[in-house]
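Trainee: Pasting query29.cif here (mmCIF, C-alpha atoms):
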data_structure
loop_
_atom_site.label_atom_id
_atom_site.label_comp_id
_atom_site.auth_asym_id
_atom_site.auth_seq_id
_atom_site.Cartn_x
_atom_site.Cartn_y
_atom_site.Cartn_z
CA MET A 266 -4.94 33.67 47.07
CA SER A 267 -6.16 32.01 43.86
CA ILE A 268 -7.05 34.01 40.75
CA SER A 269 -10.74 33.23 41.31
CA GLY A 270 -10.45 34.49 44.88
CA GLN A 271 -8.80 37.71 43.71
CA GLN A 272 -11.58 38.33 41.18
CA THR A 273 -14.31 37.62 43.72
CA GLY A 274 -12.57 39.96 46.16
CA ALA A 275 -12.34 42.72 43.54
CA LYS A 276 -16.07 42.54 42.89
CA ARG A 277 -16.84 42.62 46.61
CA PHE A 278 -14.50 45.59 47.14
CA VAL A 279 -16.24 47.67 44.45
CA ARG A 280 -19.66 47.00 45.95
CA GLU A 281 -18.71 47.47 49.61
CA HIS A 282 -16.92 50.78 49.02
CA ASP A 283 -19.25 52.21 46.34
CA LEU A 284 -16.33 52.86 44.02
CA THR A 285 -17.01 55.24 41.15
CA CYS A 286 -14.09 54.41 38.83
CA TRP A 287 -12.86 51.13 37.37
CA PHE A 288 -9.58 50.92 35.40
CA SER A 289 -8.26 47.54 34.22
CA THR A 290 -7.23 45.39 31.30
CA PRO A 291 -10.03 43.59 29.44
CA SER A 292 -8.58 40.24 30.58
CA ALA A 293 -9.31 41.10 34.21
CA VAL A 294 -12.96 41.67 33.34
CA GLY A 295 -12.97 38.59 31.13
CA MET A 296 -12.00 36.55 34.18
CA LEU A 297 -15.05 37.84 36.07
CA ALA A 298 -17.25 36.99 33.10
CA ARG A 299 -15.75 33.50 32.82
CA MET A 300 -16.59 32.78 36.46
CA ARG A 301 -20.11 34.11 35.93
CA LEU A 302 -19.53 36.88 38.45
CA LEU A 303 -20.94 39.64 36.25
CA HIS A 304 -24.67 40.27 36.23
CA PRO A 305 -26.81 43.21 35.08
CA GLY A 306 -26.77 46.00 37.67
CA ASP A 307 -23.88 44.56 39.72
CA PHE A 308 -21.99 47.88 39.94
CA PRO A 309 -24.48 50.76 40.16
CA SER A 310 -21.94 53.05 41.88
CA LEU A 311 -19.47 53.08 38.97
CA ARG A 312 -19.43 56.31 36.94
CA TRP A 313 -16.32 55.67 34.80
CA SER A 314 -15.06 52.36 33.40
CA LEU A 315 -11.72 52.58 31.63
CA PHE A 316 -10.10 49.70 29.76
CA CYS A 317 -6.51 49.66 28.53
CA GLY A 318 -3.60 47.35 27.80
CA GLU A 319 -5.06 45.02 25.17
CA ALA A 320 -7.85 44.70 22.64
CA LEU A 321 -11.38 45.10 24.06
CA PRO A 322 -13.92 42.67 22.53
CA LYS A 323 -17.34 44.20 21.92
CA ARG A 324 -19.01 41.19 23.56
CA LEU A 325 -17.11 41.84 26.79
CA ALA A 326 -17.90 45.56 26.64
CA ALA A 327 -21.62 44.72 26.39
CA ILE A 328 -21.44 42.47 29.47
CA TRP A 329 -19.69 45.20 31.44
CA GLN A 330 -22.09 47.86 30.19
CA ALA A 331 -24.97 45.87 31.65
CA ALA A 332 -23.12 45.26 34.93
CA ALA A 333 -22.30 48.97 35.33
CA PRO A 334 -25.39 50.67 33.86
CA ASN A 335 -24.56 54.14 35.23
CA SER A 336 -20.98 54.14 33.98
CA VAL A 337 -19.35 55.81 30.97
CA LEU A 338 -17.17 53.26 29.16
CA GLU A 339 -13.92 54.32 27.50
CA ASN A 340 -11.39 52.22 25.63
CA LEU A 341 -7.86 53.61 25.98
CA TYR A 342 -4.76 52.75 24.00
CA GLY A 343 -1.10 53.54 24.51
CA PRO A 344 2.24 51.80 25.05
CA THR A 345 4.52 52.42 28.03
CA GLU A 346 6.72 54.59 25.78
CA ALA A 347 3.78 56.98 25.37
CA THR A 348 2.57 57.10 28.98
CA ILE A 349 0.05 54.24 28.76
CA ALA A 350 -3.02 56.15 27.47
CA PHE A 351 -2.52 57.97 24.18
CA THR A 352 -5.81 57.53 22.32
CA ALA A 353 -9.35 57.12 23.60
CA TYR A 354 -12.73 56.00 22.37
CA ARG A 355 -15.93 56.58 24.32
CA LEU A 356 -18.38 53.75 23.73
CA PRO A 357 -21.96 54.63 22.78
CA THR A 358 -24.95 53.22 24.62
CA ASP A 359 -25.85 51.15 21.55
CA LEU A 360 -22.90 48.95 20.60
CA THR A 361 -24.59 47.40 17.57
CA GLU A 362 -22.65 49.30 14.91
CA LEU A 363 -19.22 48.73 16.47
CA PRO A 364 -16.79 46.16 15.04
CA ASP A 365 -16.10 43.00 17.08
CA ILE A 366 -13.00 44.68 18.56
CA VAL A 367 -13.83 48.09 20.06
CA PRO A 368 -12.00 50.96 18.27
CA ILE A 369 -9.15 52.77 20.03
CA GLY A 370 -10.45 56.14 18.81
CA THR A 371 -8.42 59.30 18.39
CA ALA A 372 -5.34 60.85 19.97
CA LEU A 373 -5.65 62.81 23.20
CA VAL A 374 -5.19 66.59 23.10
CA GLY A 375 -1.67 67.59 22.04
CA GLN A 376 -0.77 64.14 20.67
CA ARG A 377 -0.53 62.93 17.07
CA THR A 378 -0.84 59.62 15.26
CA MET A 379 0.39 58.49 11.85
CA ILE A 380 -0.11 55.22 9.96
CA ASP A 381 2.71 53.68 7.91
CA SER A 382 1.26 53.33 4.41
CA ILE A 383 3.03 50.01 3.77
CA SER A 384 2.71 48.05 7.01
CA ASN A 385 -0.24 49.90 8.63
CA GLU A 386 1.93 50.29 11.71
CA LEU A 387 0.82 53.03 14.10
CA LEU A 388 3.35 55.75 14.93
CA LEU A 389 2.97 58.24 17.79
CA ASN A 390 4.25 61.77 18.30
CA GLY A 391 3.64 64.32 21.04
CA THR A 392 4.42 65.48 24.55
CA GLN A 393 3.66 62.06 26.04
CA VAL A 394 6.22 60.18 23.93
CA THR A 395 9.52 59.44 25.65
CA GLU A 396 12.79 60.50 24.04
CA GLY A 397 14.16 56.98 23.89
CA TYR A 398 15.48 54.03 25.88
CA TRP A 399 17.97 54.38 28.74
CA ARG A 400 21.47 53.51 27.50
CA ARG A 401 20.09 51.77 24.38
CA PRO A 402 20.98 54.04 21.44
CA ASP A 403 20.60 51.11 19.02
CA LEU A 404 17.02 50.32 20.09
CA THR A 405 16.19 54.03 20.30
CA ALA A 406 17.30 54.55 16.69
CA GLU A 407 15.20 51.56 15.60
CA ARG A 408 12.00 52.44 17.42
CA PHE A 409 12.12 56.27 17.32
CA PRO A 410 12.62 57.34 13.68
CA THR A 411 12.67 60.98 12.60
CA VAL A 412 10.08 61.83 9.95
CA GLY A 413 10.61 65.34 8.59
CA ASP A 414 11.77 67.17 11.69
CA GLN A 415 9.62 65.19 14.13
CA ARG A 416 10.54 62.18 16.26
CA TRP A 417 7.97 59.39 16.21
CA TYR A 418 7.58 56.13 18.09
CA ARG A 419 6.90 52.92 16.17
CA THR A 420 4.37 50.99 18.25
CA GLY A 421 4.49 47.63 16.47
CA ASP A 422 0.67 47.74 16.34
CA ARG A 423 -1.34 47.61 13.11
CA VAL A 424 -4.33 49.94 12.77
CA ALA A 425 -6.74 51.29 10.18
CA GLU A 426 -8.87 54.40 9.96
CA GLY A 427 -12.53 53.58 10.53
CA GLN A 428 -15.75 55.48 11.06
CA HIS A 429 -15.12 55.46 14.82
CA GLY A 430 -11.48 56.53 14.61
CA LEU A 431 -8.54 54.15 14.72
CA GLU A 432 -9.34 50.45 14.69
CA PHE A 433 -6.84 48.00 16.15
CA LEU A 434 -5.86 45.20 13.73
CA GLY A 435 -3.24 43.37 15.76
CA ARG A 436 0.47 43.22 16.51
CA LEU A 437 3.01 43.12 13.70
CA ASP A 438 4.87 40.43 15.64
CA ARG A 439 1.72 38.28 15.73
CA GLN A 440 1.52 38.06 11.96
CA VAL A 441 2.74 34.70 10.73
CA LYS A 442 2.98 32.86 7.43
CA ILE A 443 1.35 29.45 7.17
CA SER A 444 1.55 27.50 3.89
CA GLY A 445 2.61 30.70 2.16
CA HIS A 446 -0.38 32.66 3.48
CA ARG A 447 -0.05 35.66 5.78
CA VAL A 448 -2.15 35.06 8.89
CA GLU A 449 -3.12 37.57 11.57
CA LEU A 450 -3.51 35.57 14.79
CA MET A 451 -5.83 38.22 16.22
CA GLU A 452 -8.26 37.45 13.38
CA VAL A 453 -8.21 33.77 14.34
CA GLU A 454 -8.87 34.74 17.96
CA ALA A 455 -11.85 36.87 16.90
CA LYS A 456 -13.47 33.84 15.27
CA LEU A 457 -12.54 31.67 18.25
CA ARG A 458 -14.37 34.02 20.62
CA ILE A 459 -17.54 33.64 18.59
CA ALA A 460 -17.16 29.87 18.23
CA ALA A 461 -16.31 29.30 21.89
CA GLU A 462 -18.85 31.84 23.17
CA CYS A 463 -16.11 33.00 25.53
CA ASP A 464 -13.69 35.93 25.56
CA SER A 465 -10.74 34.00 27.04
CA VAL A 466 -9.17 32.56 23.89
CA ALA A 467 -5.70 32.52 22.36
CA ALA A 468 -4.17 31.47 19.05
CA ILE A 469 -0.51 30.42 19.03
CA ALA A 470 1.57 29.68 15.93
CA TYR A 471 2.93 26.15 16.46
CA PRO A 472 5.02 24.28 15.58
CA ILE A 473 7.76 26.54 14.22
CA ASP A 474 10.20 24.86 11.83
CA GLU A 475 13.97 25.31 11.70
CA ASP A 476 13.55 28.24 9.30
CA GLY A 477 11.27 30.05 11.74
CA MET A 478 8.13 29.38 9.70
CA ALA A 479 4.85 28.45 11.41
CA GLN A 480 3.44 25.08 10.46
CA GLY A 481 0.05 25.53 12.05
CA ILE A 482 -2.03 27.08 14.84
CA VAL A 483 -2.93 25.78 18.28
CA ALA A 484 -6.04 27.25 19.90
CA LEU A 485 -6.54 27.66 23.63
CA VAL A 486 -9.93 28.35 25.19
CA ALA A 487 -11.32 28.63 28.70
CA ALA A 488 -12.39 25.29 30.13
CA GLU A 489 -16.05 26.26 30.33
CA SER A 490 -16.30 27.10 26.62
CA ARG A 491 -18.60 25.21 24.25
CA PRO A 492 -17.80 21.57 23.40
CA THR A 493 -14.61 21.15 21.42
CA GLN A 494 -16.29 19.59 18.40
CA ASP A 495 -18.71 22.52 18.15
CA ILE A 496 -15.91 25.08 18.39
CA MET A 497 -13.87 23.33 15.71
CA ALA A 498 -16.88 22.96 13.42
CA ASP A 499 -17.60 26.69 13.63
CA CYS A 500 -13.92 27.51 13.03
CA ARG A 501 -13.90 25.38 9.89
CA ARG A 502 -16.93 27.28 8.63
CA ALA A 503 -15.58 30.74 9.50
CA LEU A 504 -11.87 30.44 8.66
CA ALA A 505 -9.80 29.59 5.62
CA PRO A 506 -8.44 26.00 5.86
CA TYR A 507 -4.88 27.16 6.61
CA MET A 508 -6.19 29.27 9.53
CA VAL A 509 -8.16 26.50 11.25
CA PRO A 510 -6.42 25.38 14.47
CA SER A 511 -4.88 21.91 14.27
CA ARG A 512 -5.38 21.40 17.99
CA LEU A 513 -7.56 22.88 20.73
CA ILE A 514 -6.55 22.97 24.40
CA ARG A 515 -8.96 23.75 27.21
CA VAL A 516 -7.44 25.84 30.03
CA ILE A 517 -8.78 25.81 33.60
CA ASP A 518 -6.70 28.67 35.08
CA TRP A 519 -6.27 31.34 32.43
CA PRO A 520 -2.75 32.80 32.83
CA LEU A 521 -2.31 36.56 33.15
CA ASN A 522 1.04 38.32 33.25
CA SER A 523 2.08 40.99 35.77
CA SER A 524 0.25 43.63 33.69
CA GLY A 525 -3.04 41.74 33.82
CA LYS A 526 -2.88 40.72 30.16
CA THR A 527 -3.16 37.25 28.66
CA ASP A 528 0.23 35.58 29.14
CA TYR A 529 1.08 34.26 25.67
CA ARG A 530 4.53 33.11 26.79
CA ALA A 531 2.93 30.81 29.35
CA PHE A 532 0.86 29.29 26.55
CA GLU A 533 3.89 28.82 24.33
CA THR A 534 5.58 26.93 27.16
CA LEU A 535 2.46 24.83 27.77
CA ILE A 536 2.18 23.85 24.11
CA SER A 537 5.82 22.90 23.74
CA GLU A 538 5.91 20.67 26.85
#
Show how you would write the structure in this file as structure tokens.

Mentor:
Amino acid sequence: MSISGQQTGAKRFVREHDLTCWFSTPSAVGMLARMRLLHPGDFPSLRWSLFCGEALPKRLAAIWQAAAPNSVLENLYGPTEATIAFTAYRLPTDLTELPDIVPIGTALVGQRTMIDSISNELLLNGTQVTEGYWRRPDLTAERFPTVGDQRWYRTGDRVAEGQHGLEFLGRLDRQVKISGHRVELMEVEAKLRIAAECDSVAAIAYPIDEDGMAQGIVALVAAESRPTQDIMADCRRALAPYMVPSRLIRVIDWPLNSSGKTDYRAFETLISE
């Protein structure tokens, strides 16, 4: 079955069985929105809508809020090493004051968070955090440092304290340097979403030189996004020159990995071909 068929089937299944709970990655919902399968009042039976696995754009949350008007929306955060859901943020009815990326909130009961003062990396501690990796003492020592007398897990995610709790800033491994400037690819994607008027976007550092330094950025957007020239014009207005994509590729079938998240590796392969 095609991806579009799977998404259509998921919508039909919710309606036919009057499901009360939805739990998915934002990309799965983004696919429904891309195919124009989400309309106000589509899912009146839903009482809980939980999103986890990747950043949740406010624009997408608003679309879902209208489609499931009787549902409480919660944005969850947590890596596999901390049992998937470690922090939570319950969205208000009025999303106006929220940042463009929905906050990940505060730790669940019995769990603790800490922010590295230098890198802004999020560290986790608590009963949900695993003790380490099976037969990988080297990786365990790297990712599970002891601070004081407590073992913590380094998530590789950058966060900041905001008025709504923790705000997700992006992955440490998605920070690149271009022309001597540090660039957060998630920030480029945030501007791309606005410019493309679509939530299915990606920014990939490319090409990479022999020293491992990024020479530019390639943008990928869903095929039905705004005209390319309009997207690029808005990017040039919203981004510093060194952050403006050098190339824009329109994608018909947006790739998702086995976890339902945007498959960045598939894009890297596509760009390099």

Trainee: Quick one: which residues end up in the PyMOL selection byres ((chain A and resi 385) around 10) for this structure, as a PyMOL selection string?

Mentor: chain A and resi 379-384+386-388+421-426+434+437

Trainee: How big is the axis-aligned box around all listed atoms of range 303-309 of chain A once 5 Å goes on each side, and where's its centre, in Å to one decimal, as AutoDock Vina command-line options?

Mentor:
--center_x -23.9 --center_y 45.2 --center_z 37.6 --size_x 15.9 --size_y 21.1 --size_z 15.1

Trainee: Using the chain letters and numbers from the file, give me the residues hit by the PyMOL selection byres ((chain A and resi 315-329) around 9), as a PDB file with C-alpha atoms, keeping the file's coordinate frame.

Mentor:
ATOM      1  CA  CYS A 286     -14.090  54.410  38.830  1.00  0.00           C
ATOM      2  CA  TRP A 287     -12.860  51.130  37.370  1.00  0.00           C
ATOM      3  CA  PHE A 288      -9.580  50.920  35.400  1.00  0.00           C
ATOM      4  CA  SER A 289      -8.260  47.540  34.220  1.00  0.00           C
ATOM      5  CA  THR A 290      -7.230  45.390  31.300  1.00  0.00           C
ATOM      6  CA  PRO A 291     -10.030  43.590  29.440  1.00  0.00           C
ATOM      7  CA  SER A 292      -8.580  40.240  30.580  1.00  0.00           C
ATOM      8  CA  VAL A 294     -12.960  41.670  33.340  1.00  0.00           C
ATOM      9  CA  GLY A 295     -12.970  38.590  31.130  1.00  0.00           C
ATOM     10  CA  ALA A 298     -17.250  36.990  33.100  1.00  0.00           C
ATOM     11  CA  LEU A 303     -20.940  39.640  36.250  1.00  0.00           C
ATOM     12  CA  HIS A 304     -24.670  40.270  36.230  1.00  0.00           C
ATOM     13  CA  PRO A 305     -26.810  43.210  35.080  1.00  0.00           C
ATOM     14  CA  TRP A 313     -16.320  55.670  34.800  1.00  0.00           C
ATOM     15  CA  SER A 314     -15.060  52.360  33.400  1.00  0.00           C
ATOM     16  CA  GLN A 330     -22.090  47.860  30.190  1.00  0.00           C
ATOM     17  CA  ALA A 331     -24.970  45.870  31.650  1.00  0.00           C
ATOM     18  CA  ALA A 332     -23.120  45.260  34.930  1.00  0.00           C
ATOM     19  CA  ALA A 333     -22.300  48.970  35.330  1.00  0.00           C
ATOM     20  CA  PRO A 334     -25.390  50.670  33.860  1.00  0.00           C
ATOM     21  CA  VAL A 337     -19.350  55.810  30.970  1.00  0.00           C
ATOM     22  CA  LEU A 338     -17.170  53.260  29.160  1.00  0.00           C
ATOM     23  CA  GLU A 339     -13.920  54.320  27.500  1.00  0.00           C
ATOM     24  CA  ASN A 340     -11.390  52.220  25.630  1.00  0.00           C
ATOM     25  CA  LEU A 341      -7.860  53.610  25.980  1.00  0.00           C
ATOM     26  CA  TYR A 342      -4.760  52.750  24.000  1.00  0.00           C
ATOM     27  CA  GLY A 343      -1.100  53.540  24.510  1.00  0.00           C
ATOM     28  CA  PRO A 344       2.240  51.800  25.050  1.00  0.00           C
ATOM     29  CA  ILE A 349       0.050  54.240  28.760  1.00  0.00           C
ATOM     30  CA  ALA A 350      -3.020  56.150  27.470  1.00  0.00           C
ATOM     31  CA  LEU A 356     -18.380  53.750  23.730  1.00  0.00           C
ATOM     32  CA  LEU A 360     -22.900  48.950  20.600  1.00  0.00           C
ATOM     33  CA  LEU A 363     -19.220  48.730  16.470  1.00  0.00           C
ATOM     34  CA  PRO A 364     -16.790  46.160  15.040  1.00  0.00           C
ATOM     35  CA  ASP A 365     -16.100  43.000  17.080  1.00  0.00           C
ATOM     36  CA  ILE A 366     -13.000  44.680  18.560  1.00  0.00           C
ATOM     37  CA  VAL A 367     -13.830  48.090  20.060  1.00  0.00           C
ATOM     38  CA  PRO A 368     -12.000  50.960  18.270  1.00  0.00           C
ATOM     39  CA  ILE A 369      -9.150  52.770  20.030  1.00  0.00           C
ATOM     40  CA  PHE A 433      -6.840  48.000  16.150  1.00  0.00           C
ATOM     41  CA  GLY A 435      -3.240  43.370  15.760  1.00  0.00           C
ATOM     42  CA  ALA A 455     -11.850  36.870  16.900  1.00  0.00           C
ATOM     43  CA  ARG A 458     -14.370  34.020  20.620  1.00  0.00           C
ATOM     44  CA  CYS A 463     -16.110  33.000  25.530  1.00  0.00           C
ATOM     45  CA  ASP A 464     -13.690  35.930  25.560  1.00  0.00           C
ATOM     46  CA  SER A 524       0.250  43.630  33.690  1.00  0.00           C
ATOM     47  CA  GLY A 525      -3.040  41.740  33.820  1.00  0.00           C
ATOM     48  CA  LYS A 526      -2.880  40.720  30.160  1.00  0.00           C
ATOM     49  CA  THR A 527      -3.160  37.250  28.660  1.00  0.00           C
TER      50      THR A 527
END

Trainee: List the residues matched by the PyMOL selection byres ((chain A and resi 411-418) around 7) in the displayed structure as a PyMOL selection string, ordered by chain and then by residue number.

Mentor: chain A and resi 388-390+408-410+419-420

Trainee: Quick one: distance from CA of Val509 in chain A to CA of Ala461 in chain A in Å, one decimal?

Mentor: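 Computing it gives 13.7 Å between the two atoms.
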
Trainee: Could you please give me, as a list in words, the residues of protein, DNA or RNA lying at most 12 Å from (3.7, 34.3, 25.8) in the coordinate frame of the file, considering only C-alpha atoms?

Mentor: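 So the residues meeting the distance criterion are Asp438, Arg439, Ala467, Ala468, Ile469, Ala470, Pro520, Leu521, Asn522, Lys526, Thr527, Asp528, Tyr529, Arg530, Ala531, Phe532, Glu533, Thr534, Leu535, Ile536 and Ser537 of chain A.
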
Trainee: For CA of Ser310 in chain A and CA of Tyr354 in chain A, determine how far apart the two atoms are, in Å to one decimal place.

Mentor: 21.8 Å

Trainee: Using Å and a single decimal, report how far CA of Asp518 in chain A sits from CA of Val466 in chain A.

Mentor: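 So the two atoms, CA of Val466 in chain A and CA of Asp518 in chain A, lie 12.1 Å apart.
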
Trainee: Using all atoms listed in the file, which residues sit within 10 Å of Val279 in chain A once same-chain residues fewer than 3 positions away are excluded, as a VMD selection string?

Mentor: chain A and resid 274 to 276 282 to 287 307 to 311
